[in-house]
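Quick look at data.txt (compact mmCIF, C-alpha atoms):
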# COMPACT_ATOMS: atom_id res chain seq x y z
CA MET K 1279 -23.31 17.38 -0.98
CA ARG K 1280 -20.67 15.00 -2.07
CA LEU K 1281 -17.69 13.50 -0.30
CA VAL K 1282 -14.62 13.63 -2.48
CA LYS K 1283 -11.13 12.21 -2.18
CA CYS K 1284 -8.04 14.28 -1.69
CA TRP K 1285 -5.90 14.10 -4.82
CA PHE K 1286 -2.71 13.78 -2.85
CA CYS K 1287 -3.41 11.59 0.17
CA SER K 1288 -6.73 10.02 -0.87
CA SER K 1289 -8.51 10.82 2.35
CA THR K 1290 -12.15 11.91 2.18
CA ILE K 1291 -12.82 15.61 2.03
CA TYR K 1292 -15.90 16.66 3.96
CA PRO K 1293 -17.84 19.77 3.00
CA GLY K 1294 -16.23 22.98 4.15
CA HIS K 1295 -12.73 21.57 4.16
CA GLY K 1296 -9.83 21.94 1.83
CA ILE K 1297 -9.09 23.78 -1.38
CA GLN K 1298 -10.03 22.97 -4.92
CA PHE K 1299 -7.46 23.95 -7.53
CA VAL K 1300 -8.55 24.22 -11.16
CA ARG K 1301 -5.78 24.02 -13.68
CA ASN K 1302 -6.12 25.74 -17.04
CA ASP K 1303 -6.69 22.44 -18.78
CA ALA K 1304 -9.80 22.19 -16.58
CA LYS K 1305 -8.40 19.40 -14.42
CA ILE K 1306 -9.58 19.78 -10.85
CA PHE K 1307 -7.33 18.90 -7.93
CA ARG K 1308 -8.92 18.67 -4.54
CA PHE K 1309 -6.88 18.77 -1.37
CA CYS K 1310 -8.00 17.89 2.10
CA ARG K 1311 -5.62 20.21 3.89
CA SER K 1312 -2.77 22.58 3.28
CA LYS K 1313 -0.23 19.81 3.91
CA CYS K 1314 -1.36 18.02 0.76
CA HIS K 1315 -1.72 21.30 -1.11
CA LYS K 1316 1.80 22.39 -0.27
CA ASN K 1317 3.22 19.04 -1.28
CA PHE K 1318 1.43 19.38 -4.58
CA LYS K 1319 2.88 22.83 -5.12
CA MET K 1320 6.33 21.35 -4.49
CA LYS K 1321 5.54 19.06 -7.41
CA ARG K 1322 5.89 15.93 -5.35
CA ASN K 1323 4.58 12.71 -6.76
CA PRO K 1324 2.11 11.16 -4.27
CA ARG K 1325 3.22 7.70 -5.37
CA LYS K 1326 6.59 8.45 -3.84
CA VAL K 1327 5.47 10.16 -0.68
CA LYS K 1328 5.33 7.52 1.99
CA TRP K 1329 2.32 8.53 4.03
CA THR K 1330 -0.12 8.73 1.14
CA LYS K 1331 -2.56 6.06 0.15
CA ALA K 1332 -1.21 6.18 -3.40
CA PHE K 1333 2.21 5.07 -2.16
CA ARG K 1334 0.77 2.30 -0.04
CA ALA K 1335 -1.34 0.99 -2.88
CA ALA K 1336 1.51 1.21 -5.37
CA HIS K 1337 3.87 -0.67 -3.02
CA GLY K 1338 1.40 -3.36 -1.99
CA LYS K 1339 1.23 -2.24 1.61
CA ASP K 1340 -2.55 -1.84 1.65
CA MET K 1341 -5.32 -3.88 0.15
CA THR K 1342 -6.34 -2.63 -3.29
CA LYS K 1343 -8.45 -5.34 -4.91
CA ASP K 1344 -11.56 -6.20 -3.00
CA LYS K 1345 -15.23 -6.38 -3.71
CA THR K 1346 -16.02 -4.01 -0.89
CA PHE K 1347 -14.43 -1.17 -2.84
CA GLU K 1348 -16.98 -1.47 -5.59
CA PHE K 1349 -19.70 -0.11 -3.34
CA GLU K 1350 -17.99 3.23 -3.21
CA LYS K 1351 -18.20 4.11 -6.87
CA LYS K 1352 -18.99 7.60 -8.07
CA ARG K 1353 -22.52 7.78 -9.34
CA ASN K 1354 -23.59 10.80 -11.34
CA ARG K 1355 -27.30 10.10 -11.51
CA PRO K 1356 -29.15 11.23 -8.43
CA GLU K 1357 -31.28 8.54 -6.86
CA ARG K 1358 -34.94 9.13 -6.32
CA TYR K 1359 -35.57 9.33 -2.62
CA ASP K 1360 -36.98 6.17 -1.18
CA ARG K 1361 -37.07 5.86 2.56
CA ASN K 1362 -36.45 2.13 2.61
CA VAL K 1363 -33.54 2.41 0.23
CA THR K 1364 -31.97 5.11 2.33
CA GLU K 1365 -32.41 3.11 5.53
CA ASN K 1366 -30.96 -0.03 4.01
CA THR K 1367 -28.09 1.89 2.51
CA LEU K 1368 -27.17 3.36 5.86
CA LYS K 1369 -27.16 -0.07 7.47
CA ALA K 1370 -25.16 -1.49 4.60
CA ILE K 1371 -22.57 1.27 4.84
CA LYS K 1372 -21.84 0.35 8.43
CA LYS K 1373 -21.56 -3.33 7.68
CA ILE K 1374 -19.41 -2.90 4.60
CA ASP K 1375 -17.14 -0.55 6.50
CA LYS K 1376 -16.63 -3.16 9.21
CA ILE K 1377 -15.93 -5.93 6.68
CA ARG K 1378 -13.53 -3.77 4.75
CA SER K 1379 -11.52 -2.72 7.77
CA THR K 1380 -11.21 -6.32 9.03
CA ARG K 1381 -10.07 -7.40 5.59
CA GLU K 1382 -7.52 -4.64 5.40
CA ALA K 1383 -6.15 -5.55 8.82
CA LYS K 1384 -5.91 -9.19 7.72
CA HIS K 1385 -4.04 -8.14 4.61
CA ILE K 1386 -1.47 -6.24 6.64
CA GLU K 1387 -1.14 -9.14 9.11
CA ASN K 1388 -0.53 -11.58 6.27
CA ARG K 1389 2.05 -9.25 4.85
CA LEU K 1390 3.94 -9.14 8.13
CA LYS K 1391 3.56 -12.82 9.07
CA PRO K 1392 6.43 -14.47 7.11
CA ASN K 1393 8.68 -11.77 8.42
CA LYS K 1394 8.05 -12.81 12.03
CA GLN K 1395 9.21 -16.38 11.49
CA LYS K 1396 12.20 -15.17 9.54
CA LYS K 1397 13.17 -12.86 12.36
CA PHE K 1398 12.90 -15.64 14.91
CA ASN K 1399 15.17 -17.91 12.87
CA GLU K 1400 17.69 -15.17 12.44
CA ASP K 1401 17.78 -14.49 16.16
CA LYS K 1402 18.25 -18.16 16.92
CA LYS K 1403 21.17 -18.38 14.49
CA GLU K 1404 22.77 -15.33 15.96
CA LEU K 1405 22.51 -16.75 19.45
CA ASN K 1406 24.20 -19.99 18.42
CA ASN K 1407 26.94 -18.60 16.27
CA GLN K 1408 27.83 -15.33 17.81
CA ILE K 1409 27.52 -16.03 21.51
CA ASP K 1410 31.07 -14.76 21.96
CA LEU K 1411 29.68 -11.26 21.59
CA VAL K 1412 27.91 -11.79 24.86
CA ARG K 1413 30.57 -13.55 26.92
CA ALA K 1414 34.20 -14.47 26.15
CA PRO K 1415 34.87 -18.19 25.51
CA GLY K 1416 36.28 -20.08 28.46
CA VAL K 1417 36.11 -17.29 31.00
CA SER K 1418 33.70 -18.72 33.53
CA GLU K 1419 35.23 -22.26 33.50
CA LYS K 1420 37.09 -23.03 36.68
CA VAL K 1421 40.72 -23.93 36.04
CA LYS K 1422 42.55 -26.25 38.42
CA VAL K 1423 45.94 -24.93 39.50
CA VAL K 1424 48.45 -27.42 40.89
CA VAL K 1425 50.42 -26.15 43.85
CA PRO K 1426 53.91 -27.85 44.05
CA LYS K 1427 54.99 -29.49 47.33
CA ILE K 1428 58.31 -27.62 47.88
CA LYS K 1429 58.40 -27.84 51.72
CA SER K 1430 58.65 -31.62 52.01
CA VAL K 1431 61.66 -31.75 49.63
CA GLN K 1432 63.55 -29.17 51.69
CA ASN K 1433 62.92 -31.10 54.91
CA GLU K 1434 64.35 -34.23 53.40
CA ALA K 1435 67.52 -32.41 52.31
CA MET K 1436 68.11 -30.98 55.75
CA GLU K 1437 67.68 -34.35 57.39
CA GLU K 1438 70.43 -35.83 55.32
CA LEU W 1142 -15.01 36.26 -9.79
CA GLY W 1143 -17.82 37.56 -11.94
CA ASP W 1144 -17.17 41.19 -11.24
CA ILE W 1145 -16.62 43.73 -13.98
CA ILE W 1146 -13.26 45.42 -14.01
CA VAL W 1147 -11.64 48.04 -16.18
CA GLY W 1148 -8.32 47.49 -17.83
CA SER W 1149 -6.17 48.51 -20.72
CA VAL W 1150 -5.03 46.23 -23.48
CA LYS W 1151 -1.31 45.57 -23.36
CA GLU W 1152 -1.03 42.89 -26.00
CA ALA W 1153 -3.39 42.24 -28.87
CA ILE W 1154 -3.44 39.96 -31.88
CA PRO W 1155 -3.16 42.01 -35.09
CA LYS W 1156 -6.67 41.60 -36.46
CA GLY W 1157 -8.69 41.57 -33.30
CA LYS W 1158 -11.69 43.55 -32.23
CA VAL W 1159 -9.72 45.27 -29.52
CA LYS W 1160 -6.62 47.20 -30.28
CA LYS W 1161 -3.64 47.73 -28.09
CA GLY W 1162 -4.00 50.68 -25.78
CA LYS W 1163 -7.79 50.56 -25.62
CA VAL W 1164 -9.54 50.70 -22.31
CA VAL W 1165 -11.79 47.72 -21.89
CA TYR W 1166 -14.29 46.34 -19.45
CA GLY W 1167 -14.01 42.70 -18.56
CA VAL W 1168 -15.60 40.03 -16.44
CA VAL W 1169 -13.21 38.20 -14.15
CA VAL W 1170 -13.50 34.49 -14.95
CA ARG W 1171 -10.45 33.08 -13.20
CA ALA W 1172 -8.57 34.30 -10.17
CA ALA W 1173 -5.48 32.83 -8.60
CA MET W 1174 -6.76 33.84 -5.19
CA GLN W 1175 -9.15 31.35 -3.63
CA LYS W 1176 -12.80 32.20 -3.55
CA GLY W 1177 -15.23 30.70 -1.08
CA ARG W 1178 -18.18 28.83 -2.43
CA VAL W 1179 -21.56 28.53 -0.78
CA ASP W 1180 -20.93 24.94 0.31
CA GLY W 1181 -17.88 26.07 2.27
CA SER W 1182 -15.23 24.91 -0.18
CA GLN W 1183 -12.57 27.13 -1.67
CA VAL W 1184 -11.71 27.27 -5.35
CA LYS W 1185 -8.69 28.70 -7.01
CA PHE W 1186 -7.37 28.79 -10.54
CA ASP W 1187 -3.98 28.76 -12.14
CA ASP W 1188 -4.07 32.31 -13.47
CA ASN W 1189 -6.06 35.52 -13.56
CA ALA W 1190 -8.28 35.91 -16.61
CA ILE W 1191 -11.09 38.11 -17.87
CA VAL W 1192 -13.48 38.00 -20.76
CA VAL W 1193 -13.69 41.32 -22.57
CA VAL W 1194 -17.21 42.57 -22.36
CA GLY W 1195 -17.16 46.12 -23.58
CA ILE W 1196 -14.86 48.75 -24.91
CA LYS W 1197 -14.84 52.19 -23.45
CA GLU W 1198 -15.35 54.85 -26.00
CA LYS W 1199 -14.42 58.43 -25.71
CA LYS W 1200 -17.65 60.33 -25.52
CA LYS W 1201 -18.10 64.03 -25.94
CA LYS W 1202 -20.16 65.25 -23.09
CA LYS W 1203 -23.14 67.29 -24.09
CA PRO W 1204 -24.18 69.42 -21.18
CA GLU W 1205 -27.91 69.22 -21.96
CA GLU W 1206 -28.15 65.44 -22.08
CA ASN W 1207 -27.46 64.50 -18.54
CA LYS W 1208 -28.74 60.96 -18.76
CA LYS W 1209 -27.17 58.39 -16.57
CA ASN W 1210 -26.49 55.45 -18.80
CA LYS W 1211 -26.46 52.27 -16.85
CA VAL W 1212 -24.53 50.01 -19.13
CA GLU W 1213 -25.21 46.32 -18.86
CA PHE W 1214 -22.14 44.32 -19.62
CA ASN W 1215 -23.62 41.03 -20.67
CA GLN W 1216 -22.34 40.41 -24.12
CA PRO W 1217 -18.76 39.33 -24.52
CA THR W 1218 -16.90 41.13 -27.28
CA GLY W 1219 -15.29 38.00 -28.63
CA THR W 1220 -16.65 34.76 -29.98
CA ARG W 1221 -14.69 32.28 -27.90
CA VAL W 1222 -13.61 31.95 -24.29
CA PHE W 1223 -10.60 29.89 -23.34
CA GLY W 1224 -10.09 27.73 -20.32
CA PRO W 1225 -12.42 26.72 -17.52
CA VAL W 1226 -15.14 29.05 -16.23
CA PRO W 1227 -16.66 28.91 -12.76
CA HIS W 1228 -20.33 28.62 -11.81
CA GLU W 1229 -20.27 32.06 -10.32
CA MET W 1230 -21.04 33.44 -13.78
CA ARG W 1231 -24.57 32.19 -13.43
CA ASN W 1232 -25.23 34.34 -10.41
CA LYS W 1233 -23.77 37.33 -12.14
CA LYS W 1234 -25.96 36.77 -15.18
CA GLN W 1235 -23.09 36.16 -17.55
CA LEU W 1236 -24.87 33.37 -19.30
CA LYS W 1237 -23.29 33.98 -22.69
CA ILE W 1238 -19.87 33.33 -21.22
CA LEU W 1239 -21.10 30.09 -19.71
CA ALA W 1240 -22.52 29.08 -23.06
CA LEU W 1241 -19.23 29.72 -24.84
CA ALA W 1242 -17.13 28.05 -22.18
CA GLN W 1243 -15.47 24.72 -22.89
CA HIS W 1244 -15.35 23.63 -19.27
CA MET W 1245 -17.38 24.67 -16.30
CA VAL W 1246 -16.09 24.28 -12.80
Could you spell out this file's structure in structure tokens?
Amino acid sequence: MRLVKCWFCSSTIYPGHGIQFVRNDAKIFRFCRSKCHKNFKMKRNPRKVKWTKAFRAAHGKDMTKDKTFEFEKKRNRPERYDRNVTENTLKAIKKIDKIRSTREAKHIENRLKPNKQKKFNEDKKELNNQIDLVRAPGVSEKVKVVVPKIKSVQNEAMEE
Amino acid sequence: LGDIIVGSVKEAIPKGKVKKGKVVYGVVVRAAMQKGRVDGSQVKFDDNAIVVVGIKEKKKKKPEENKKNKVEFNQPTGTRVFGPVPHEMRNKKQLKILALAQHMV
């Protein structure tokens, strides 16, 4: 039993899942589900299809170079069964998995970090410069209106 | 995959062992329809292909000799097989085809 990677999306294919397509030049394409298989038949390049791992790796969205990946190499020689080795390997798998996922999360966080500060600065600038989009200039200021004293002048004229 | 089928030759190279119009027996080595493997996976190939294993000859029936000839189709007629060949040949005892194959799937 061997866990393989889907050719299109790079997810692991567990036994009993997916289809294996053998081309006449003897190249084998394994697909995890019909979604990947249909995309392949449409001749789509996985490096351009946004949800695949190939795209994310090619565009620097996900971590590609790390020592934890080296543990998952394909080995063609079967190992002689040793109980201790198996036990230790199982423990190691869990640990390495944890380390790898924390590192990947860190990588994505670091990728998004400078963007946060940039966004904040942009918002601040917008608030200062374009406040007139929110309220018109000079509307809420109270304006003093002078009322002329007409009555008193009239009285004076009549008296004369 | 691995079953023997009967067919007729539509196209043949000029100096081949089989001539056009002959009825031949062949072992299916590649099928475009997916076939389930024992581990639960499905395999499919790019085209449908057979390896010619025997040529049907016109026999004159003699009424006295009523032997039932069970013909074993194990020896391919040709010397080469092209393209990949699946493991299923092993179960069907087509070991010569496996030996001649360039790639095994």
Could you state the separation of CA of Ile1191 in chain W and CA of Thr1218 in chain W in Å, given to one decimal place? 11.5 Å
Spatial neighbours of Glu1229 in chain W, max dist 12 Å, all atoms listed in the file, sep filter under 6 positions, as a list in words: Leu1142, Gly1143, Asp1144, Val1168, Val1169, Val1170, Arg1171, Ala1172, Lys1176, Gly1177, Arg1178, Val1179, Val1184, Gln1235, Leu1236, Ile1238, Leu1239, Met1245 and Val1246 of chain W
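The gap separating CA of Asn1215 in chain W from CA of Lys1234 in chain W is 7.3 Å, in Å to one decimal.
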Expressed in Å to a single decimal, how great is the separation between CA of Pro1293 in chain K and CA of Lys1313 in chain K? 17.6 Å
Select residues of chain W: the criterion is any atom within 7 Å of an atom of chain K, counting only C-alpha atoms; output as a PDB file with C-alpha atoms, keeping the file's coordinate frame.
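Done, and the output landed in part_12.pdb:
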ATOM      1  CA  ASP W1180     -20.930  24.940   0.310  1.00  0.00           C
ATOM      2  CA  GLY W1181     -17.880  26.070   2.270  1.00  0.00           C
ATOM      3  CA  SER W1182     -15.230  24.910  -0.180  1.00  0.00           C
ATOM      4  CA  GLN W1183     -12.570  27.130  -1.670  1.00  0.00           C
ATOM      5  CA  VAL W1184     -11.710  27.270  -5.350  1.00  0.00           C
ATOM      6  CA  LYS W1185      -8.690  28.700  -7.010  1.00  0.00           C
ATOM      7  CA  PHE W1186      -7.370  28.790 -10.540  1.00  0.00           C
ATOM      8  CA  ASP W1187      -3.980  28.760 -12.140  1.00  0.00           C
ATOM      9  CA  GLY W1224     -10.090  27.730 -20.320  1.00  0.00           C
ATOM     10  CA  PRO W1225     -12.420  26.720 -17.520  1.00  0.00           C
ATOM     11  CA  HIS W1244     -15.350  23.630 -19.270  1.00  0.00           C
TER      12      HIS W1244
END
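The shortest atom-to-atom distance to Ile1371 in chain K, with only C-alpha atoms taken into account, belongs to K:Phe1347 out of K:Lys1319, K:Pro1392, K:Pro1356, K:Phe1347.
Each of W:Val1193, W:Ala1153, W:Val1159, W:Ile1145 was checked against Gln1216 in chain W using only C-alpha atoms; the smallest atom-to-atom distance is that of W:Val1193.
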So which residues are close to (-6.0, 7.8, -3.0), meaning at most 6 Å away in the file's coordinates with all atoms listed in the file counted, and can you show them as an MDAnalysis selection string? chainID K and resid 1287:1288 1331:1332
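Residue nearest Gly1162 in chain W within the list W:Ile1196, W:Leu1241, W:Asn1189, W:Ile1146: W:Ile1196 [criterion: smallest interatomic distance, all atoms listed in the file].
When the distance limit is 7 Å and only C-alpha atoms are what count, the residues near Ser1149 in chain W, minus those fewer than 2 positions from it on the same chain, are Lys1151, Gly1162, Lys1163, Val1164 and Val1165 of chain W.
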